[in-house]
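Peer 1: Next comes entry.tsv, TSV, C-alpha atoms and all ligand atoms:
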chain	number	residue	atom	x	y	z
F	1	MET	CA	96.42	100.65	99.46
F	2	VAL	CA	98.00	103.96	98.44
F	3	ARG	CA	101.78	103.77	98.77
F	4	LEU	CA	103.73	106.09	101.05
F	5	SER	CA	107.12	107.17	99.69
F	6	VAL	CA	109.09	109.07	102.31
F	7	ASN	CA	111.07	112.01	100.94
F	8	LEU	CA	114.36	112.21	102.86
F	9	ASN	CA	115.60	115.59	101.63
F	10	LYS	CA	114.99	117.18	105.04
F	11	VAL	CA	117.10	114.50	106.70
F	12	ALA	CA	119.89	115.19	104.20
F	13	LEU	CA	119.59	118.91	104.93
F	14	LEU	CA	120.03	118.24	108.67
F	15	ARG	CA	123.07	116.10	107.95
F	16	ASN	CA	124.61	118.70	105.64
F	17	SER	CA	124.18	121.46	108.22
F	18	ARG	CA	127.09	120.00	110.23
F	19	GLY	CA	129.19	118.65	107.37
F	20	ASN	CA	129.36	115.16	108.91
F	21	ASP	CA	127.47	111.96	108.18
F	22	TYR	CA	124.94	112.33	111.00
F	23	PRO	CA	122.11	111.57	110.73
F	24	ASN	CA	123.14	108.85	108.32
F	25	LEU	CA	120.78	108.96	105.36
F	26	LEU	CA	121.00	105.27	104.54
F	27	LYS	CA	120.23	104.27	108.13
F	28	VAL	CA	117.18	106.54	108.13
F	29	ALA	CA	116.03	105.11	104.78
F	30	LEU	CA	116.35	101.52	106.03
F	31	ASP	CA	114.53	102.46	109.25
F	32	CYS	CA	111.72	104.08	107.24
F	33	GLU	CA	111.33	100.83	105.32
F	34	ARG	CA	111.32	98.83	108.58
F	35	PHE	CA	108.63	101.17	109.95
F	36	GLY	CA	106.39	100.62	106.94
F	37	ALA	CA	107.36	103.09	104.20
F	38	ASP	CA	106.60	101.69	100.76
F	39	GLY	CA	109.31	103.70	99.06
F	40	ILE	CA	111.98	106.35	99.45
F	41	THR	CA	112.16	109.61	97.50
F	42	LEU	CA	115.23	111.77	96.98
F	43	HIS	CA	115.33	115.07	95.12
F	44	PRO	CA	118.93	115.98	94.31
F	45	ARG	CA	118.95	119.66	93.38
F	46	PRO	CA	121.79	121.12	91.29
F	47	ASP	CA	123.43	122.71	94.38
F	48	GLU	CA	123.04	119.46	96.39
F	49	ARG	CA	121.98	121.41	99.46
F	50	HIS	CA	119.72	118.52	100.49
F	51	ALA	CA	120.20	115.10	98.90
F	52	LYS	CA	123.48	114.71	97.03
F	53	PHE	CA	123.85	112.84	93.78
F	54	GLU	CA	126.02	110.23	95.56
F	55	ASP	CA	123.20	109.65	98.11
F	56	VAL	CA	120.98	108.49	95.27
F	57	GLU	CA	123.55	105.90	94.18
F	58	LEU	CA	124.09	104.64	97.72
F	59	LEU	CA	120.41	104.32	98.59
F	60	LYS	CA	119.57	102.54	95.34
F	61	GLU	CA	122.18	99.90	96.17
F	62	HIS	CA	120.80	99.14	99.62
F	63	ILE	CA	117.09	99.79	99.92
F	64	SER	CA	114.56	97.11	99.11
F	65	THR	CA	111.50	99.27	98.41
F	66	GLU	CA	111.09	101.54	95.38
F	67	LEU	CA	113.41	104.48	94.94
F	68	ASN	CA	111.76	107.54	93.41
F	69	VAL	CA	114.24	110.16	92.19
F	70	GLU	CA	112.85	113.62	91.53
F	71	GLY	CA	114.47	116.51	89.78
F	72	TYR	CA	114.87	118.85	86.86
F	73	PRO	CA	116.21	116.87	83.90
F	74	ASN	CA	119.49	118.65	83.19
F	75	ARG	CA	122.34	116.60	81.70
F	76	ARG	CA	123.79	115.62	85.11
F	77	PHE	CA	120.39	114.44	86.37
F	78	ILE	CA	119.71	112.42	83.22
F	79	GLU	CA	123.10	110.70	83.48
F	80	LEU	CA	122.39	109.89	87.15
F	81	ILE	CA	119.08	108.22	86.28
F	82	LYS	CA	120.67	106.22	83.47
F	83	LYS	CA	123.36	105.00	85.87
F	84	VAL	CA	121.22	104.34	88.95
F	85	LYS	CA	118.09	103.02	87.21
F	86	PRO	CA	115.56	103.85	89.96
F	87	ALA	CA	112.09	102.33	89.89
F	88	GLN	CA	110.59	105.76	89.27
F	89	CYS	CA	111.85	109.12	88.10
F	90	THR	CA	109.68	112.19	88.65
F	91	LEU	CA	110.52	115.18	86.50
F	92	VAL	CA	109.94	118.65	87.98
F	93	PRO	CA	110.28	121.98	86.19
F	94	ASP	CA	112.30	123.70	88.96
F	95	GLU	CA	114.63	126.61	88.36
F	96	PRO	CA	118.16	125.69	89.61
F	97	GLY	CA	117.90	127.81	92.80
F	98	ALA	CA	114.23	127.10	93.61
F	99	LEU	CA	113.50	126.97	97.35
F	100	THR	CA	111.09	124.13	96.70
F	101	SER	CA	108.97	122.86	93.80
F	102	ASP	CA	106.01	125.19	93.39
F	103	HIS	CA	104.41	124.37	90.03
F	104	GLY	CA	103.97	121.60	87.52
F	105	TRP	CA	105.07	121.30	83.89
F	106	ASP	CA	103.59	123.18	81.00
F	107	THR	CA	103.62	120.03	78.88
F	108	ILE	CA	102.57	121.95	75.77
F	109	LYS	CA	105.32	124.58	75.78
F	110	ASN	CA	107.92	121.94	76.73
F	111	LYS	CA	106.55	119.21	74.46
F	112	SER	CA	109.63	118.38	72.39
F	113	PHE	CA	112.03	118.77	75.36
F	114	LEU	CA	109.95	116.39	77.47
F	115	GLU	CA	109.41	113.95	74.63
F	116	GLU	CA	113.14	113.63	73.95
F	117	THR	CA	114.03	113.50	77.64
F	118	ILE	CA	111.47	110.80	78.39
F	119	ILE	CA	112.64	108.64	75.49
F	120	GLU	CA	116.20	108.85	76.84
F	121	LEU	CA	115.21	108.22	80.47
F	122	LYS	CA	112.97	105.28	79.68
F	123	LYS	CA	116.02	103.39	78.46
F	124	SER	CA	116.98	103.13	82.14
F	125	GLY	CA	113.79	101.15	82.78
F	126	ALA	CA	112.44	103.79	85.18
F	127	ARG	CA	108.76	104.60	85.26
F	128	ILE	CA	108.51	108.27	84.30
F	129	SER	CA	106.22	110.60	86.20
F	130	LEU	CA	105.64	114.31	85.51
F	131	PHE	CA	104.92	116.85	88.24
F	132	ILE	CA	101.66	118.47	87.12
F	133	ASP	CA	99.08	121.04	88.20
F	134	PRO	CA	95.45	119.90	87.95
F	135	ILE	CA	94.92	121.29	84.44
F	136	GLU	CA	93.43	118.97	81.84
F	137	GLN	CA	95.43	120.21	78.86
F	138	PHE	CA	98.72	119.68	80.72
F	139	ILE	CA	97.62	116.18	81.77
F	140	GLU	CA	96.74	115.38	78.18
F	141	GLY	CA	100.15	116.78	77.22
F	142	ALA	CA	101.80	114.46	79.77
F	143	LYS	CA	100.24	111.49	78.01
F	144	LEU	CA	101.34	112.78	74.61
F	145	VAL	CA	104.99	113.19	75.62
F	146	GLY	CA	105.12	109.59	76.87
F	147	ALA	CA	104.82	109.87	80.67
F	148	ASP	CA	103.63	106.78	82.55
F	149	ASN	CA	102.37	108.68	85.59
F	150	ILE	CA	101.63	112.18	86.78
F	151	GLU	CA	102.36	113.54	90.24
F	152	PHE	CA	99.87	116.20	91.24
F	153	TYR	CA	101.47	119.27	92.80
F	154	THR	CA	99.31	119.44	95.92
F	155	GLY	CA	100.62	122.72	97.40
F	156	PRO	CA	97.44	124.67	96.50
F	157	TYR	CA	95.25	121.83	97.82
F	158	ALA	CA	97.06	121.95	101.17
F	159	LYS	CA	96.79	125.74	101.34
F	160	ASN	CA	93.06	125.78	100.63
F	161	TYR	CA	92.13	122.66	102.58
F	162	SER	CA	91.79	124.39	105.93
F	163	LEU	CA	89.52	127.08	104.43
F	164	HIS	CA	87.27	124.98	102.26
F	165	PRO	CA	88.08	121.27	101.73
F	166	ILE	CA	85.42	120.75	99.03
F	167	HIS	CA	86.72	123.62	96.92
F	168	ALA	CA	90.31	122.60	97.59
F	169	ILE	CA	89.84	119.06	96.24
F	170	GLU	CA	87.45	119.76	93.35
F	171	LYS	CA	89.93	120.32	90.50
F	172	PHE	CA	92.14	117.46	91.67
F	173	SER	CA	89.23	114.99	91.71
F	174	LEU	CA	88.08	115.99	88.24
F	175	CYS	CA	91.59	115.82	86.86
F	176	ALA	CA	92.20	112.44	88.50
F	177	HIS	CA	89.23	111.04	86.55
F	178	PHE	CA	90.59	112.68	83.42
F	179	ALA	CA	94.07	111.18	83.96
F	180	SER	CA	92.65	107.74	84.71
F	181	ASN	CA	90.70	107.80	81.45
F	182	LEU	CA	94.01	108.44	79.68
F	183	GLU	CA	95.52	105.48	81.57
F	184	LEU	CA	98.03	107.63	83.39
F	185	GLY	CA	99.00	106.51	86.89
F	186	ILE	CA	98.41	109.08	89.61
F	187	ASN	CA	100.84	110.13	92.34
F	188	ALA	CA	100.72	113.24	94.50
F	189	GLY	CA	102.98	115.32	96.66
F	190	HIS	CA	103.85	118.59	98.34
F	191	ASP	CA	102.57	119.93	101.65
F	192	LEU	CA	100.55	116.81	102.38
F	193	ASN	CA	100.27	116.25	106.13
F	194	LEU	CA	98.32	114.45	108.85
F	195	GLU	CA	95.41	116.90	108.57
F	196	ASN	CA	94.85	116.93	104.82
F	197	LEU	CA	96.09	113.52	103.62
F	198	LYS	CA	93.10	111.31	104.43
F	199	TYR	CA	90.62	113.63	102.70
F	200	PHE	CA	92.86	113.84	99.65
F	201	LYS	CA	93.16	110.06	99.42
F	202	GLU	CA	89.39	109.58	99.86
F	203	ASN	CA	88.60	111.93	96.98
F	204	ILE	CA	91.20	110.98	94.42
F	205	PRO	CA	90.27	107.85	92.46
F	206	ASN	CA	93.10	105.50	91.55
F	207	LEU	CA	95.72	107.29	93.64
F	208	ILE	CA	98.85	105.11	93.57
F	209	GLU	CA	101.43	106.92	95.68
F	210	VAL	CA	102.04	109.99	97.81
F	211	SER	CA	105.51	111.32	98.46
F	212	ILE	CA	105.83	113.22	101.70
F	213	GLY	CA	108.84	114.87	103.30
F	214	HIS	CA	108.58	118.14	105.17
F	215	ALA	CA	105.55	117.46	107.36
F	216	LEU	CA	106.44	113.83	108.03
F	217	ILE	CA	109.96	114.64	109.19
F	218	THR	CA	108.64	117.56	111.26
F	219	ASP	CA	106.00	115.34	112.90
F	220	SER	CA	108.75	112.82	113.70
F	221	LEU	CA	110.29	115.38	116.07
F	222	TYR	CA	107.21	115.05	118.22
F	223	TYR	CA	106.02	111.47	117.64
F	224	GLY	CA	109.19	109.65	116.58
F	225	LEU	CA	109.81	108.28	113.11
F	226	GLU	CA	108.19	104.88	113.65
F	227	ASN	CA	104.96	106.27	115.11
F	228	THR	CA	104.81	109.00	112.50
F	229	ILE	CA	105.11	106.61	109.57
F	230	GLY	CA	102.36	104.51	111.16
F	231	MET	CA	100.14	107.60	111.48
F	232	TYR	CA	100.63	108.54	107.82
F	233	LYS	CA	99.99	104.96	106.72
F	234	ARG	CA	96.73	104.93	108.65
F	235	CYS	CA	95.57	107.95	106.63
F	236	LEU	CA	96.02	105.85	103.51
F	237	VAL	CA	94.12	102.69	104.44
F	238	PRO	CA	91.10	102.01	102.22
N	1	LIG	N1	107.05	116.12	95.22
N	1	LIG	C1	107.98	116.97	94.71
N	1	LIG	C2	108.14	117.03	93.24
N	1	LIG	C3	108.76	117.75	95.57
N	1	LIG	O1	109.68	118.58	95.05
N	1	LIG	C4	108.60	117.63	96.96
N	1	LIG	C5	109.47	118.44	97.87
N	1	LIG	O2	110.80	118.08	97.67
N	1	LIG	C6	107.62	116.74	97.44
N	1	LIG	C7	106.86	116.01	96.54
N	1	LIG	C8	107.37	116.56	98.90
N	1	LIG	O3	106.87	117.74	99.44
N	1	LIG	P1	106.84	117.95	101.01
N	1	LIG	O4	108.27	118.01	101.45
N	1	LIG	O5	106.10	119.24	101.20
N	1	LIG	O6	106.12	116.77	101.61
Write the structure described by the file as C-alpha cells, please.
Ligand code: PXP

Peer 2:
Amino acid sequence: MVRLSVNLNKVALLRNSRGNDYPNLLKVALDCERFGADGITLHPRPDERHAKFEDVELLKEHISTELNVEGYPNRRFIELIKKVKPAQCTLVPDEPGALTSDHGWDTIKNKSFLEETIIELKKSGARISLFIDPIEQFIEGAKLVGADNIEFYTGPYAKNYSLHPIHAIEKFSLCAHFASNLELGINAGHDLNLENLKYFKENIPNLIEVSIGHALITDSLYYGLENTIGMYKRCLVP
C-alpha cells in the first residue's frame, strides 16, 4: 500500500500565528500516527514561519513512524539532518522566501552541488529523495547524483486534473516507468487532495509514498483529523 506521510507545516503555521504552543505540534503528530498516518513530514524553511528547526528535533525523538524532512540544503539544513538523522530527507530547490515549493531540481545544472550534498547527507543514514518535475533528463540526473528516491512535484498534475485527467497524468506515468527502470523509488507531493489522489495512485506504477499537507489539514476542519486521514488512506488502498 502507498504510504501517507502527513505534512504538518500548516499546523505549525497555525501555532505560530499566536506565538504560543497551541496547537501542539507533537500532539498532532502522535494523533496522526494513531489515526493511521504512515509518516510525518516537516519542511523547515529558513525563516521558520511554519515548522521550526527545533520542531524537527522534537518530533524525531518521539514519533514512531518515519520522519521525512524536506528543505533546501543550505548549511543549517544539512547540519540539522546530520544531527537528527531522519528516515528520509527530501531536497527541494526553493528560494529562501518561496511561498511554497513550485518546481523540481535541474539535476544537470546543479550536478556537482547535489552530488557533494548527497554524499554528506547520506552519512546521516537518511534516504535521500529529490523533488523533481516529470522530465526524463532530470530523473536520470537524480540517479547520477546519488539520490535514492525522487518526489514528483505534482502541482501541475493537480491543476490540470480537473480539466483533463488523462493529459494531466500522462507525463507522470511515463516518467514513473522511466524512474523505476533506473531503480529510483518514487514519492509524490504538492496539491494532492481527495479528488485527485486516487487517480494519481492508480496510474503511477511503484508509487511508494505521498506527502500531503495543505488539503489534508483543510479537510480536517470539516471532517476532523481522524476521519480525514482515513479518507486519504482509502484513496491509497490497492
Ligand atoms: N512536497 C514538498 C516538497 C513540499 O514543499 C510540500 C509543501 O510543503 C508538499 C510536498 C506538500 O504539499 P501540499 O501542502 O500542497 O500537500

Peer 1: Between F:Gly146, F:Pro44, F:Gly213, F:Gly185, which one has atoms that come closest to Ser112 (chain F), using all atoms listed in the file?

Peer 2: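 Going through F:Gly146, F:Pro44, F:Gly213, F:Gly185 one by one, the smallest distance to Ser112 (chain F) is for F:Gly146.
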
Peer 1: How would you report the residues lying within 8 Å of ligand LIG 1 (chain N), as a PyMOL selection string, if you count all atoms listed in the file?

Peer 2: chain F and resi 7+9-10+42-43+70-71+90-92+100-102+131+151+153+155+188-193+210-216

Peer 1: Compile the contact shell of region 220-226 of chain F as a count of residues only: residues with an atom at most 10 Å away, counting only C-alpha atoms, same-chain residues fewer than 6 positions apart removed.

Peer 2: 8

Peer 1: I need the residue nearest Thr218 (chain F) from this list: F:Val11, F:Ile81, F:Phe200, F:Pro165. Use all atoms listed in the file for the distance.

Peer 2: F:Val11

Peer 1: Applying 10 Å and only C-alpha atoms, which residues near Ile118 (chain F) remain after dropping the ones on its own chain fewer than 3 positions away? List them as a count of residues only.

Peer 2: 20

Peer 1: For CA of Glu57 (chain F) and CA of Ala142 (chain F), determine how far apart the two atoms are, in Å to one decimal place.

Peer 2: 27.5 Å

Peer 1: Please provide the set of residues having any atom within 7 Å of Ile208 (chain F), restricted to all atoms listed in the file, with same-chain residues fewer than 3 positions apart removed, written as a PyMOL selection string.

Peer 2: chain F and resi 2-3+185-187

Peer 1: Just how far from CA of Val6 (chain F) is CA of Phe178 (chain F), in Å to one decimal?

Peer 2: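 Answer for the CA of Phe178 (chain F) to CA of Val6 (chain F) separation: 26.7 Å.
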
Peer 1: Would you mind putting back N, CA and C atoms on region 206-218 of chain F, then writing it out as a short mmCIF file (atom, residue, chain, number, x, y, z; two decimals), in the coordinates of the input?

Peer 2:
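In the end it all went to out-v6.cif:
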data_model
loop_
_atom_site.label_atom_id
_atom_site.label_comp_id
_atom_site.auth_asym_id
_atom_site.auth_seq_id
_atom_site.Cartn_x
_atom_site.Cartn_y
_atom_site.Cartn_z
N ASN F 206 91.91 106.14 92.13
CA ASN F 206 93.10 105.50 91.55
C ASN F 206 94.43 106.12 91.97
N LEU F 207 94.45 106.73 93.15
CA LEU F 207 95.72 107.29 93.64
C LEU F 207 96.68 106.13 93.94
N ILE F 208 97.88 106.21 93.38
CA ILE F 208 98.85 105.11 93.57
C ILE F 208 99.81 105.41 94.72
N GLU F 209 100.34 106.65 94.73
CA GLU F 209 101.43 106.92 95.68
C GLU F 209 101.44 108.38 96.09
N VAL F 210 101.75 108.62 97.36
CA VAL F 210 102.04 109.99 97.81
C VAL F 210 103.49 110.04 98.25
N SER F 211 104.15 111.16 97.95
CA SER F 211 105.51 111.32 98.46
C SER F 211 105.50 112.51 99.41
N ILE F 212 105.97 112.23 100.64
CA ILE F 212 105.83 113.22 101.70
C ILE F 212 107.16 113.37 102.44
N GLY F 213 107.59 114.62 102.61
CA GLY F 213 108.84 114.87 103.30
C GLY F 213 108.70 115.83 104.47
N HIS F 214 108.48 117.08 104.17
CA HIS F 214 108.58 118.14 105.17
C HIS F 214 107.72 117.88 106.41
N ALA F 215 106.44 117.63 106.21
CA ALA F 215 105.55 117.46 107.36
C ALA F 215 105.86 116.17 108.11
N LEU F 216 106.18 115.12 107.37
CA LEU F 216 106.44 113.83 108.03
C LEU F 216 107.70 113.91 108.90
N ILE F 217 108.73 114.53 108.40
CA ILE F 217 109.96 114.64 109.19
C ILE F 217 109.73 115.58 110.38
N THR F 218 108.96 116.64 110.16
CA THR F 218 108.64 117.56 111.26
C THR F 218 107.82 116.84 112.34
#
